[in-house]
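Engineer: My structure file target-v9.tsv, TSV, C-alpha atoms, is below:
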```tsv
chain	number	residue	atom	x	y	z
E	494	MET	CA	24.87	58.41	48.01
E	495	GLU	CA	24.70	62.04	46.84
E	496	LYS	CA	24.42	60.90	43.20
E	497	ARG	CA	21.47	58.67	44.12
E	498	ASN	CA	19.79	61.54	46.03
E	499	ASN	CA	20.23	63.83	43.00
E	500	LYS	CA	18.60	61.24	40.76
E	501	LEU	CA	15.74	60.83	43.21
E	502	ALA	CA	15.25	64.60	43.27
E	503	ILE	CA	15.20	64.70	39.46
E	504	LEU	CA	12.70	61.85	39.34
E	505	LEU	CA	10.44	63.50	41.91
E	506	ILE	CA	10.55	66.81	40.00
E	507	LEU	CA	9.65	65.03	36.76
E	508	MET	CA	6.83	63.17	38.46
E	509	PHE	CA	5.56	66.49	39.86
E	510	MET	CA	5.62	67.92	36.34
E	511	ALA	CA	3.78	64.85	35.05
E	512	ALA	CA	1.11	65.30	37.71
E	513	LEU	CA	0.69	68.94	36.72
E	514	ALA	CA	0.44	67.94	33.06
E	515	THR	CA	-2.19	65.34	33.93
E	516	ILE	CA	-4.24	67.88	35.85
E	517	ALA	CA	-3.94	70.42	33.04
E	518	TRP	CA	-4.87	67.83	30.39
E	519	THR	CA	-7.87	66.65	32.39
E	520	GLY	CA	-9.00	70.23	32.97
E	521	PHE	CA	-8.54	71.15	29.33
E	522	ASN	CA	-10.50	68.12	28.12
E	523	ALA	CA	-13.25	68.74	30.67
E	524	GLY	CA	-13.52	72.38	29.57
E	525	TRP	CA	-12.76	73.95	32.93
E	526	VAL	CA	-9.98	76.31	33.84
E	527	MET	CA	-7.96	75.64	36.94
E	528	SER	CA	-7.72	78.47	39.40
E	529	GLN	CA	-5.49	76.57	41.83
E	530	ASN	CA	-3.16	73.63	41.52
E	531	GLN	CA	-2.99	71.67	44.71
E	532	ILE	CA	-0.71	68.71	44.50
E	533	GLN	CA	0.24	66.80	47.56
E	534	GLY	CA	2.97	64.29	48.02
E	535	THR	CA	5.23	62.73	50.59
E	536	VAL	CA	9.00	62.59	50.51
E	537	PHE	CA	10.46	59.94	52.75
E	538	SER	CA	13.77	60.75	54.41
E	539	GLU	CA	14.72	57.09	54.37
E	540	ALA	CA	14.16	54.44	51.76
E	541	LYS	CA	11.13	52.23	52.26
E	542	THR	CA	11.72	48.49	52.39
E	543	ILE	CA	9.70	46.49	49.89
E	544	ASP	CA	8.62	43.05	51.00
E	545	ALA	CA	9.04	40.13	48.62
E	546	PHE	CA	6.11	39.63	46.26
E	547	ALA	CA	5.10	37.40	43.34
E	548	LEU	CA	2.94	38.78	40.55
E	549	THR	CA	2.49	37.92	36.86
E	550	ASP	CA	3.33	40.33	34.04
E	551	ASN	CA	1.46	41.00	30.80
E	552	LYS	CA	3.64	38.43	28.96
E	553	GLN	CA	2.68	35.76	31.56
E	554	ARG	CA	6.10	35.81	33.20
E	555	SER	CA	6.80	35.96	36.92
E	556	PHE	CA	7.29	39.51	38.22
E	557	THR	CA	9.14	39.74	41.54
E	558	LEU	CA	11.42	42.07	43.45
E	559	GLN	CA	14.20	41.12	41.01
E	560	ASN	CA	12.28	42.86	38.19
E	561	LEU	CA	12.72	46.15	40.07
E	562	LYS	CA	16.44	45.66	40.66
E	563	ASP	CA	19.04	48.14	39.35
E	564	LYS	CA	16.62	50.47	37.59
E	565	TRP	CA	14.14	53.19	38.37
E	566	SER	CA	10.56	52.00	38.22
E	567	ILE	CA	7.45	54.14	38.25
E	568	LEU	CA	4.43	52.17	39.42
E	569	SER	CA	0.88	53.18	38.60
E	570	PHE	CA	-2.06	51.36	40.19
E	571	GLY	CA	-5.40	50.96	38.43
E	572	ASP	CA	-7.34	48.69	36.09
E	573	THR	CA	-7.86	48.45	32.35
E	574	ARG	CA	-11.52	49.49	32.55
E	575	CYS	CA	-10.65	52.77	34.29
E	576	THR	CA	-11.07	55.04	31.28
E	577	ASP	CA	-10.40	58.43	32.81
E	578	ASP	CA	-7.70	58.60	35.46
E	579	CYS	CA	-5.79	55.45	34.53
E	580	GLN	CA	-5.76	56.13	30.80
E	581	THR	CA	-4.69	59.77	31.30
E	582	THR	CA	-2.01	58.77	33.80
E	583	MET	CA	-0.58	56.14	31.47
E	584	GLU	CA	-0.57	58.53	28.49
E	585	THR	CA	1.26	61.10	30.63
E	586	LEU	CA	3.71	58.43	31.79
E	587	LYS	CA	4.41	57.66	28.14
E	588	GLN	CA	5.65	61.25	27.70
E	589	VAL	CA	7.55	61.20	31.01
E	590	HIS	CA	9.18	57.88	30.09
E	591	PHE	CA	10.34	59.33	26.78
E	592	VAL	CA	11.93	62.31	28.54
E	593	LEU	CA	13.51	60.22	31.29
E	594	THR	CA	15.03	57.64	28.96
E	595	GLY	CA	16.59	60.48	26.98
E	596	HIS	CA	18.19	62.09	30.03
E	597	LEU	CA	19.07	59.36	32.52
E	598	THR	CA	21.79	56.78	32.14
E	599	GLU	CA	19.98	54.16	34.27
E	600	PRO	CA	17.07	52.22	32.83
E	601	VAL	CA	13.59	53.47	33.70
E	602	GLN	CA	10.56	51.22	33.55
E	603	VAL	CA	6.89	52.01	33.91
E	604	VAL	CA	4.85	49.32	35.65
E	605	PHE	CA	1.05	49.32	35.47
E	606	VAL	CA	-0.33	47.32	38.39
E	607	SER	CA	-3.85	46.11	37.63
E	608	LEU	CA	-5.89	45.78	40.78
E	609	ASP	CA	-8.76	43.99	39.05
E	610	HIS	CA	-7.50	40.43	39.40
E	611	GLU	CA	-10.86	38.97	38.36
E	612	ARG	CA	-11.12	40.64	34.95
E	613	ASP	CA	-7.63	41.86	34.06
E	614	ASN	CA	-5.70	38.79	33.01
E	615	PRO	CA	-2.24	39.15	31.42
E	616	GLU	CA	-3.69	39.14	27.89
E	617	ARG	CA	-6.11	41.99	28.65
E	618	ILE	CA	-3.39	44.01	30.35
E	619	ASP	CA	-1.13	43.44	27.34
E	620	GLU	CA	-3.85	44.70	24.97
E	621	PHE	CA	-4.37	47.77	27.17
E	622	LEU	CA	-0.65	48.59	27.31
E	623	ASN	CA	-0.16	48.04	23.57
E	624	THR	CA	-2.47	51.00	22.94
E	625	ILE	CA	-0.13	53.16	25.03
E	626	SER	CA	3.44	51.83	24.87
E	627	ASP	CA	4.93	48.42	24.17
E	628	GLU	CA	7.79	49.39	26.52
E	629	PHE	CA	5.57	49.37	29.61
E	630	VAL	CA	5.10	46.36	31.87
E	631	GLY	CA	1.74	45.39	33.31
E	632	VAL	CA	1.32	43.13	36.31
E	633	THR	CA	-1.45	41.50	38.29
E	634	GLY	CA	-1.91	38.68	40.75
E	635	ASN	CA	-4.40	37.08	43.06
E	636	ALA	CA	-6.37	39.21	45.53
E	637	THR	CA	-4.08	38.55	48.48
E	638	ALA	CA	-0.86	39.25	46.55
E	639	LEU	CA	-2.24	42.49	45.11
E	640	GLU	CA	-3.53	43.71	48.48
E	641	GLN	CA	-0.20	43.02	50.18
E	642	PHE	CA	1.81	44.61	47.35
E	643	ALA	CA	-0.36	47.75	47.22
E	644	ARG	CA	-0.42	48.12	51.01
E	645	ASN	CA	3.35	47.67	51.13
E	646	LEU	CA	3.71	50.64	48.75
E	647	ASP	CA	1.09	52.76	50.55
E	648	SER	CA	-1.39	52.43	47.67
E	649	PRO	CA	-4.44	50.74	49.18
E	650	PHE	CA	-7.50	50.05	47.06
E	651	LYS	CA	-11.00	48.73	47.41
E	652	GLY	CA	-13.12	46.84	44.90
E	653	THR	CA	-16.87	47.22	45.16
E	654	VAL	CA	-19.59	45.61	43.08
E	655	ILE	CA	-22.09	48.04	41.67
E	656	SER	CA	-25.24	47.04	39.88
E	657	SER	CA	-26.01	48.55	36.52
E	658	ASP	CA	-29.52	49.15	35.24
E	659	ASN	CA	-29.04	47.37	31.92
E	660	ALA	CA	-30.33	43.80	32.22
E	661	GLY	CA	-29.25	43.49	35.86
E	662	ILE	CA	-25.59	43.06	34.99
E	663	ASP	CA	-23.29	43.72	37.92
E	664	ASP	CA	-20.10	45.67	37.40
E	665	LYS	CA	-17.10	46.16	39.60
E	666	LEU	CA	-15.59	49.51	40.51
E	667	ILE	CA	-12.04	49.63	41.80
E	668	LYS	CA	-11.38	52.60	44.07
E	669	HIS	CA	-7.67	53.30	44.08
E	670	SER	CA	-5.09	56.01	44.53
E	671	THR	CA	-3.91	57.89	41.47
E	672	SER	CA	-0.49	58.37	43.05
E	673	LEU	CA	2.60	57.24	41.23
E	674	VAL	CA	5.13	55.23	43.20
E	675	PRO	CA	8.81	55.64	42.27
E	676	VAL	CA	10.95	52.63	43.20
E	677	SER	CA	14.69	52.06	43.00
E	678	TYR	CA	15.76	48.68	44.32
E	679	THR	CA	19.47	47.91	44.54
E	680	HIS	CA	19.87	45.00	46.96
```
Turn the structure described in the file into structure tokens.
Structural biologist:
Amino acid sequence: MEKRNNKLAILLILMFMAALATIAWTGFNAGWVMSQNQIQGTVFSEAKTIDAFALTDNKQRSFTLQNLKDKWSILSFGDTRCTDDCQTTMETLKQVHFVLTGHLTEPVQVVFVSLDHERDNPERIDEFLNTISDEFVGVTGNATALEQFARNLDSPFKGTVISSDNAGIDDKLIKHSTSLVPVSYTH
């Protein structure tokens, strides 16, 4: 149990460093200097139970609780059209994944959970991930499955339709958390 707690502590420290790197990168690219870094997070004293779920990955395979078994997984919620936060987070996770796989003996997987079930099909998610890392997994599902999965991992989201001014075309904006969710499932 102590070995598992040490690994969790290492993972949380690395995720904290990744969050700091993301903030610094965003600030650098935006041209502003950060005067304060305020990062918030929650550490649970007990493991959270994950309910069974059924999603589809970017290779059109079933993605269930078994895909999280016996490895560390870092889940990031977003959509492929989210060009700022999601892209930056995934690029940072690419660097974190490289560091983690070089220092941990257990497998580590990064899972991008697309919350835009209407537009992000497995092929689109695969194209998005191929620009970042072919080692990452992307998943999506129907609206109900995604809502239950995200709520189960304390990552709620909301999709709203916004109207654009160009030719009356409607667009959809997905409001979601930028938190990363570390998961280690061993049952």
Engineer: Could you check the closest approach to E:Lys562 for each of E:Ser607, E:Thr679, E:Thr582, E:Thr633 and tell me which residue wins, using all atoms listed in the file?
Structural biologist: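 For E:Lys562, the nearest of the given residues is E:Thr679.
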Engineer: Could you work out how far atom CA of E:Ala638 lies from atom CA of E:Thr549, giving the answer in Å with one decimal?
Structural biologist: 10.3 Å
Engineer: Find, counting only C-alpha atoms, the residue in E:Cys579, E:Leu548, E:Val604, E:Leu646 that gets nearest to E:Ile567.
Structural biologist: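 With only C-alpha atoms as the atom set, the closest residue is E:Val604.
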Engineer: I want to know what sits within 12 Å of E:Asp613, based on all atoms listed in the file, with residues of the same chain fewer than 3 positions away left out; could you give that as a PyMOL selection string?
Structural biologist: chain E and resi 549-551+571-575+605-610+616-622+631-636+665+667
Engineer: Between atom CA of E:His590 and atom CA of E:Lys552, what distance in Å does the model show, to one decimal?
Structural biologist: 20.3 Å
Engineer: So the first atom is atom CA of E:Asp627 and the second is atom CA of E:Asn560; what is the distance between them in Å, to one decimal place?
Structural biologist: 16.8 Å
Engineer: Find the residues near E:Trp565: any atom within 12 Å, counting all atoms listed in the file, skip ones fewer than 2 places away on the same chain, and give them as a ChimeraX atom specification.
Structural biologist: /E:497,500-501,503-505,560-563,567-568,590,593-594,597-604,674-679
Engineer: Residues within 9 Å of E:Ile625, please, as JSON, numbers by chain. Count only C-alpha atoms; anything in the same chain fewer than 2 positions from it doesn't count.
Structural biologist: {"E": [580, 583, 584, 587, 621, 622, 623, 627, 628, 629]}
